[in-house]
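The next block is protein16.pdb, given as PDB, C-alpha atoms.
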```
ATOM      1  CA  MET A   1     109.221  77.674  88.897
ATOM      2  CA  SER A   2     106.943  74.907  87.649
ATOM      3  CA  GLY A   3     104.017  76.320  89.610
ATOM      4  CA  GLY A   4     104.271  79.715  87.944
ATOM      5  CA  ILE A   5     105.974  82.980  88.859
ATOM      6  CA  ARG A   6     105.212  84.105  92.414
ATOM      7  CA  VAL A   7     105.432  87.888  92.794
ATOM      8  CA  VAL A   8     105.186  90.414  95.626
ATOM      9  CA  VAL A   9     104.365  94.087  94.988
ATOM     10  CA  VAL A  10     106.114  96.583  97.312
ATOM     11  CA  ASP A  11     104.825 100.150  96.965
ATOM     12  CA  ASP A  12     103.570 102.676  99.508
ATOM     13  CA  HIS A  13     100.865 104.041  97.175
ATOM     14  CA  PRO A  14      97.816 101.787  97.639
ATOM     15  CA  VAL A  15      96.137 102.667  94.337
ATOM     16  CA  PHE A  16      99.247 101.822  92.301
ATOM     17  CA  ARG A  17      99.995  98.739  94.409
ATOM     18  CA  LEU A  18      96.484  97.339  94.093
ATOM     19  CA  GLY A  19      96.365  98.125  90.386
ATOM     20  CA  MET A  20      99.692  96.403  89.757
ATOM     21  CA  ALA A  21      98.628  93.385  91.801
ATOM     22  CA  GLY A  22      95.397  93.211  89.816
ATOM     23  CA  LEU A  23      97.256  93.360  86.514
ATOM     24  CA  LEU A  24      99.769  90.688  87.471
ATOM     25  CA  GLY A  25      97.113  88.434  88.956
ATOM     26  CA  SER A  26      95.240  88.453  85.647
ATOM     27  CA  LEU A  27      98.236  87.146  83.684
ATOM     28  CA  PRO A  28      98.656  83.416  82.998
ATOM     29  CA  GLY A  29     101.435  81.762  84.939
ATOM     30  CA  ILE A  30     101.847  84.638  87.408
ATOM     31  CA  GLU A  31     100.594  84.516  90.994
ATOM     32  CA  VAL A  32     100.537  87.490  93.373
ATOM     33  CA  ALA A  33     101.945  86.066  96.605
ATOM     34  CA  GLY A  34     101.603  89.263  98.614
ATOM     35  CA  GLN A  35     101.723  93.041  98.863
ATOM     36  CA  ALA A  36     103.668  95.408 101.107
ATOM     37  CA  ALA A  37     103.613  99.142 101.769
ATOM     38  CA  ASP A  38     106.952  99.409 103.597
ATOM     39  CA  ALA A  39     110.101  97.512 104.512
ATOM     40  CA  ALA A  40     108.630  95.767 107.548
ATOM     41  CA  GLU A  41     105.686  94.407 105.579
ATOM     42  CA  ALA A  42     108.009  93.341 102.754
ATOM     43  CA  ARG A  43     110.221  91.363 105.128
ATOM     44  CA  ALA A  44     107.120  89.565 106.410
ATOM     45  CA  VAL A  45     105.748  88.518 103.001
ATOM     46  CA  VAL A  46     108.912  87.880 100.960
ATOM     47  CA  GLY A  47     110.174  84.352 101.500
ATOM     48  CA  ASP A  48     112.202  81.798  99.601
ATOM     49  CA  ALA A  49     109.135  80.768  97.577
ATOM     50  CA  VAL A  50     108.821  84.262  96.046
ATOM     51  CA  ASP A  51     110.372  84.623  92.588
ATOM     52  CA  VAL A  52     110.016  88.345  91.807
ATOM     53  CA  VAL A  53     109.540  91.507  93.887
ATOM     54  CA  LEU A  54     108.281  94.667  92.198
ATOM     55  CA  MET A  55     109.972  97.394  94.210
ATOM     56  CA  ASP A  56     109.341 101.118  94.483
ATOM     57  CA  LEU A  57     112.402 103.147  95.494
ATOM     58  CA  HIS A  58     110.499 105.505  97.800
ATOM     59  CA  LEU A  59     108.660 103.712 100.613
ATOM     60  CA  GLY A  60     107.772 106.545 102.951
ATOM     61  CA  ALA A  61     110.524 106.572 105.578
ATOM     62  CA  ASP A  62     112.144 103.473 104.062
ATOM     63  CA  SER A  63     114.512 103.177 101.119
ATOM     64  CA  GLY A  64     113.786 100.736  98.323
ATOM     65  CA  ILE A  65     117.520 100.622  97.603
ATOM     66  CA  ASP A  66     118.325  99.438 101.121
ATOM     67  CA  LEU A  67     115.447  96.974 101.047
ATOM     68  CA  THR A  68     116.577  95.572  97.693
ATOM     69  CA  ARG A  69     120.067  94.993  99.082
ATOM     70  CA  GLU A  70     118.643  93.275 102.157
ATOM     71  CA  LEU A  71     116.171  91.022 100.339
ATOM     72  CA  THR A  72     118.583  89.910  97.616
ATOM     73  CA  ALA A  73     121.187  89.059 100.262
ATOM     74  CA  ARG A  74     118.637  87.077 102.263
ATOM     75  CA  HIS A  75     117.090  85.352  99.231
ATOM     76  CA  PRO A  76     119.816  84.916  96.574
ATOM     77  CA  ARG A  77     117.484  83.545  93.891
ATOM     78  CA  LEU A  78     115.061  86.452  94.273
ATOM     79  CA  ALA A  79     114.696  88.813  91.308
ATOM     80  CA  VAL A  80     113.917  92.442  92.172
ATOM     81  CA  LEU A  81     112.276  94.544  89.465
ATOM     82  CA  VAL A  82     112.303  98.242  90.376
ATOM     83  CA  VAL A  83     109.166 100.077  89.236
ATOM     84  CA  THR A  84     109.429 103.751  90.147
ATOM     85  CA  MET A  85     109.008 107.348  89.054
ATOM     86  CA  SER A  86     112.771 108.040  89.407
ATOM     87  CA  GLU A  87     114.690 107.903  86.122
ATOM     88  CA  ASP A  88     117.890 109.723  87.121
ATOM     89  CA  ASP A  89     121.182 107.935  86.504
ATOM     90  CA  GLU A  90     122.108 107.701  90.178
ATOM     91  CA  SER A  91     118.910 105.860  91.099
ATOM     92  CA  VAL A  92     119.285 103.394  88.236
ATOM     93  CA  VAL A  93     122.921 102.628  88.977
ATOM     94  CA  ALA A  94     122.279 102.388  92.731
ATOM     95  CA  ALA A  95     119.459  99.886  92.167
ATOM     96  CA  VAL A  96     121.531  97.699  89.858
ATOM     97  CA  ARG A  97     124.533  97.785  92.177
ATOM     98  CA  VAL A  98     122.537  96.426  95.114
ATOM     99  CA  GLY A  99     121.131  93.530  93.100
ATOM    100  CA  ALA A 100     118.076  94.680  91.149
ATOM    101  CA  ARG A 101     117.661  92.756  87.900
ATOM    102  CA  GLY A 102     115.327  95.225  86.261
ATOM    103  CA  TYR A 103     114.314  98.886  86.262
ATOM    104  CA  LEU A 104     111.080 100.237  84.816
ATOM    105  CA  LEU A 105     109.354 103.569  85.094
ATOM    106  CA  LYS A 106     105.796 103.634  86.392
ATOM    107  CA  SER A 107     104.736 105.000  83.016
ATOM    108  CA  ALA A 108     105.541 101.607  81.436
ATOM    109  CA  GLY A 109     102.561  99.882  79.827
ATOM    110  CA  PRO A 110     101.062  96.547  80.931
ATOM    111  CA  ASP A 111     102.834  94.632  78.149
ATOM    112  CA  ALA A 112     106.214  96.050  79.206
ATOM    113  CA  VAL A 113     105.555  95.139  82.834
ATOM    114  CA  GLU A 114     104.595  91.586  81.912
ATOM    115  CA  ARG A 115     107.678  91.130  79.727
ATOM    116  CA  ALA A 116     109.934  92.508  82.446
ATOM    117  CA  VAL A 117     108.477  90.270  85.176
ATOM    118  CA  ARG A 118     108.860  87.145  83.050
ATOM    119  CA  ALA A 119     112.368  88.139  81.968
ATOM    120  CA  VAL A 120     113.814  88.837  85.420
ATOM    121  CA  ALA A 121     112.155  85.681  86.762
ATOM    122  CA  HIS A 122     114.235  83.729  84.242
ATOM    123  CA  GLY A 123     117.504  85.452  85.091
ATOM    124  CA  GLU A 124     117.584  88.235  82.502
ATOM    125  CA  MET A 125     118.492  91.868  83.143
ATOM    126  CA  ILE A 126     115.821  94.328  82.012
ATOM    127  CA  LEU A 127     116.102  98.119  81.827
ATOM    128  CA  GLY A 128     113.325 100.242  80.362
ATOM    129  CA  PRO A 129     114.280 101.955  77.105
ATOM    130  CA  GLN A 130     114.197 105.400  78.713
ATOM    131  CA  VAL A 131     117.014 104.554  81.102
ATOM    132  CA  ALA A 132     119.047 101.704  79.618
ATOM    133  CA  ALA A 133     121.666 103.618  77.618
ATOM    134  CA  ARG A 134     122.440 106.146  80.354
ATOM    135  CA  ALA A 135     122.556 103.504  83.069
ATOM    136  CA  MET A 136     124.920 101.221  81.212
ATOM    137  CA  SER A 137     127.290 104.049  80.290
ATOM    138  CA  SER A 138     127.396 105.138  83.934
ATOM    139  CA  LEU A 139     128.093 101.593  85.114
ATOM    140  CA  VAL A 140     130.859 101.094  82.567
ATOM    141  CA  ALA A 141     132.467 104.418  83.460
ATOM    142  CA  GLY A 142     132.379 103.552  87.150
ATOM    143  CA  ARG A 143     133.895 100.113  86.655
ATOM    144  CA  THR A 144     136.680 101.120  84.285
ATOM    145  CA  ALA A 145     138.178 103.961  86.292
ATOM    146  CA  ALA A 146     141.957 103.715  86.254
ATOM    147  CA  ARG A 147     142.311 104.003  90.026
ATOM    148  CA  THR A 148     139.773 103.739  92.777
ATOM    149  CA  PRO A 149     140.462 106.132  95.658
ATOM    150  CA  PHE A 150     140.098 104.827  99.204
ATOM    151  CA  PRO A 151     139.779 101.096  98.381
ATOM    152  CA  GLU A 152     138.986 100.445 102.036
ATOM    153  CA  LEU A 153     135.583 102.074 101.497
ATOM    154  CA  THR A 154     132.580 100.310 100.008
ATOM    155  CA  ASP A 155     131.147 101.689  96.763
ATOM    156  CA  ARG A 156     128.293 103.297  98.685
ATOM    157  CA  GLU A 157     130.628 104.859 101.273
ATOM    158  CA  ARG A 158     132.729 106.270  98.431
ATOM    159  CA  GLU A 159     129.596 107.734  96.835
ATOM    160  CA  VAL A 160     128.677 109.368 100.134
ATOM    161  CA  LEU A 161     132.199 110.756 100.550
ATOM    162  CA  ASP A 162     132.160 112.128  96.998
ATOM    163  CA  LEU A 163     128.890 113.958  97.660
ATOM    164  CA  MET A 164     130.271 115.260 100.955
ATOM    165  CA  ALA A 165     133.251 116.624  99.022
ATOM    166  CA  ARG A 166     130.856 118.351  96.627
ATOM    167  CA  GLY A 167     129.389 120.224  99.581
ATOM    168  CA  HIS A 168     126.156 118.280 100.095
ATOM    169  CA  ASP A 169     124.785 117.800 103.595
ATOM    170  CA  ASN A 170     123.290 114.519 104.827
ATOM    171  CA  THR A 171     119.762 115.463 103.792
ATOM    172  CA  ALA A 172     120.833 116.199 100.220
ATOM    173  CA  ILE A 173     122.911 113.006 100.079
ATOM    174  CA  ALA A 174     119.946 110.948 101.274
ATOM    175  CA  ARG A 175     117.747 112.452  98.575
ATOM    176  CA  ARG A 176     120.272 111.911  95.774
ATOM    177  CA  LEU A 177     121.087 108.303  96.716
ATOM    178  CA  VAL A 178     117.504 107.386  97.676
ATOM    179  CA  LEU A 179     118.553 106.465 101.209
ATOM    180  CA  SER A 180     117.149 107.255 104.630
ATOM    181  CA  PRO A 181     118.907 110.016 106.613
ATOM    182  CA  LYS A 182     119.806 107.441 109.279
ATOM    183  CA  THR A 183     121.535 105.259 106.696
ATOM    184  CA  VAL A 184     123.517 108.251 105.426
ATOM    185  CA  ARG A 185     124.609 109.113 108.968
ATOM    186  CA  ASN A 186     125.828 105.540 109.414
ATOM    187  CA  HIS A 187     127.788 105.715 106.156
ATOM    188  CA  VAL A 188     129.385 109.014 107.165
ATOM    189  CA  ALA A 189     130.406 107.521 110.519
ATOM    190  CA  ASN A 190     131.949 104.525 108.737
ATOM    191  CA  VAL A 191     133.861 106.821 106.380
ATOM    192  CA  LEU A 192     135.332 108.823 109.266
ATOM    193  CA  THR A 193     136.367 105.614 111.043
ATOM    194  CA  LYS A 194     137.941 103.980 107.983
ATOM    195  CA  LEU A 195     139.815 107.143 106.981
ATOM    196  CA  ALA A 196     140.893 107.686 110.611
ATOM    197  CA  VAL A 197     139.841 111.325 110.556
ATOM    198  CA  PRO A 198     138.251 113.169 113.489
ATOM    199  CA  HIS A 199     135.453 115.002 111.720
ATOM    200  CA  ARG A 200     133.612 115.620 108.474
ATOM    201  CA  SER A 201     135.790 118.554 107.367
ATOM    202  CA  ALA A 202     138.929 116.429 107.536
ATOM    203  CA  ALA A 203     137.267 113.725 105.454
ATOM    204  CA  ILE A 204     136.308 116.305 102.836
ATOM    205  CA  VAL A 205     139.908 117.531 102.635
ATOM    206  CA  ARG A 206     141.156 113.954 102.131
ATOM    207  CA  ALA A 207     138.481 113.335  99.499
ATOM    208  CA  ARG A 208     139.325 116.424  97.483
ATOM    209  CA  GLU A 209     143.036 115.637  97.632
ATOM    210  CA  ALA A 210     142.194 112.234  96.110
ATOM    211  CA  GLY A 211     140.182 113.827  93.310
ATOM    212  CA  LEU A 212     136.657 113.320  94.604
ATOM    213  CA  GLY A 213     134.042 116.032  94.668
ATOM    214  CA  GLY A 214     135.217 117.614  91.468
ATOM    215  CA  GLU A 215     131.831 117.897  89.716
ATOM    216  CA  GLY A 216     130.460 120.711  91.788
TER     217      GLY A 216
END
```
Please express what this file holds, its structure, as structure tokens.
Amino acid sequence: MSGGIRVVVVDDHPVFRLGMAGLLGSLPGIEVAGQAADAAEARAVVGDAVDVVLMDLHLGADSGIDLTRELTARHPRLAVLVVTMSEDDESVVAAVRVGARGYLLKSAGPDAVERAVRAVAHGEMILGPQVAARAMSSLVAGRTAARTPFPELTDREREVLDLMARGHDNTAIARRLVLSPKTVRNHVANVLTKLAVPHRSAAIVRAREAGLGGEG
């Protein structure tokens, strides 16, 4: 990173995106390598030379969670810093689980943004003070459960199944997990296949028997 920190700003709101790019471009040692309003544009501008991506979770029809997972898998040294309006526990935990190294709210000040960009670029994990304690407690609780039901499912598929068992439809699940409806449909299909059940109702019965869906 001898040539400075190369960043890309991914946000579907042009005023915020341009403002963030202007702020970062004014900071010593930070270079704005590109901007993107959606997943397709992000794929085009994020390459191996990019160090940090500032990522919104809501990108119109696209999911910032899905895009974070994709970009971090494609570019393992890439640091994704989520900058969003969403401060609920599920969004924070989902972002961290798919590889984000930082999570800030859009209300964060310029100094906080600069510190976070420099920190994640150097391998640190940064969570804004408003979300850090809740996020970490949720992560610890999830990782220390005595028994994980349906180990054949991925973490995300298990989350989807749990919400199904709580009575949520695909639209509600997509909203809660910050995913596209298409992605949720794919997860539901995978759950039915892996559990070898013929339909959604049978999956819900299996889930509730295993203790999922118990929070209403």
Atomic distance atom CA of Asp111 of chain A - atom CA of Asp12 of chain A, expressed in Å with one decimal: 22.8 Å
Residues matched by the PyMOL selection byres ((chain A and resi 36-48) around 9) as a list in words: Val7, Val8, Val9, Val10, Asp11, Asp12, His13, Pro14, Arg17, Ala33, Gly34, Gln35, Ala49, Val50, Asp51, Val53, Leu59, Gly60, Ala61, Asp62, Ser63, Gly64, Leu67, Leu71, Arg74, His75, Pro76, Arg77 and Leu78 of chain A
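Candidate residues A:Val188, A:Leu195, A:Ile173, A:Leu161 were compared for distance to Gly213 of chain A, and the nearest is A:Leu161, using all atoms listed in the file.
For the residues A:Gly128, A:Pro198, A:Pro181, A:Gly211, ranking by smallest atom-to-atom distance to Asp169 of chain A using all atoms listed in the file places A:Pro181 first.
Distance annotation: of A:Ala203, A:Ala119, A:Leu18, A:Val96, the residue with the minimal separation from Glu157 of chain A is A:Ala203; atom set is only C-alpha atoms.
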Hits from the PyMOL selection byres ((chain A and resi 163) around 10), listed as a VMD selection string: chain A and resid 157 to 162 164 to 170 172 to 173 176 to 177 204 207 212 to 216
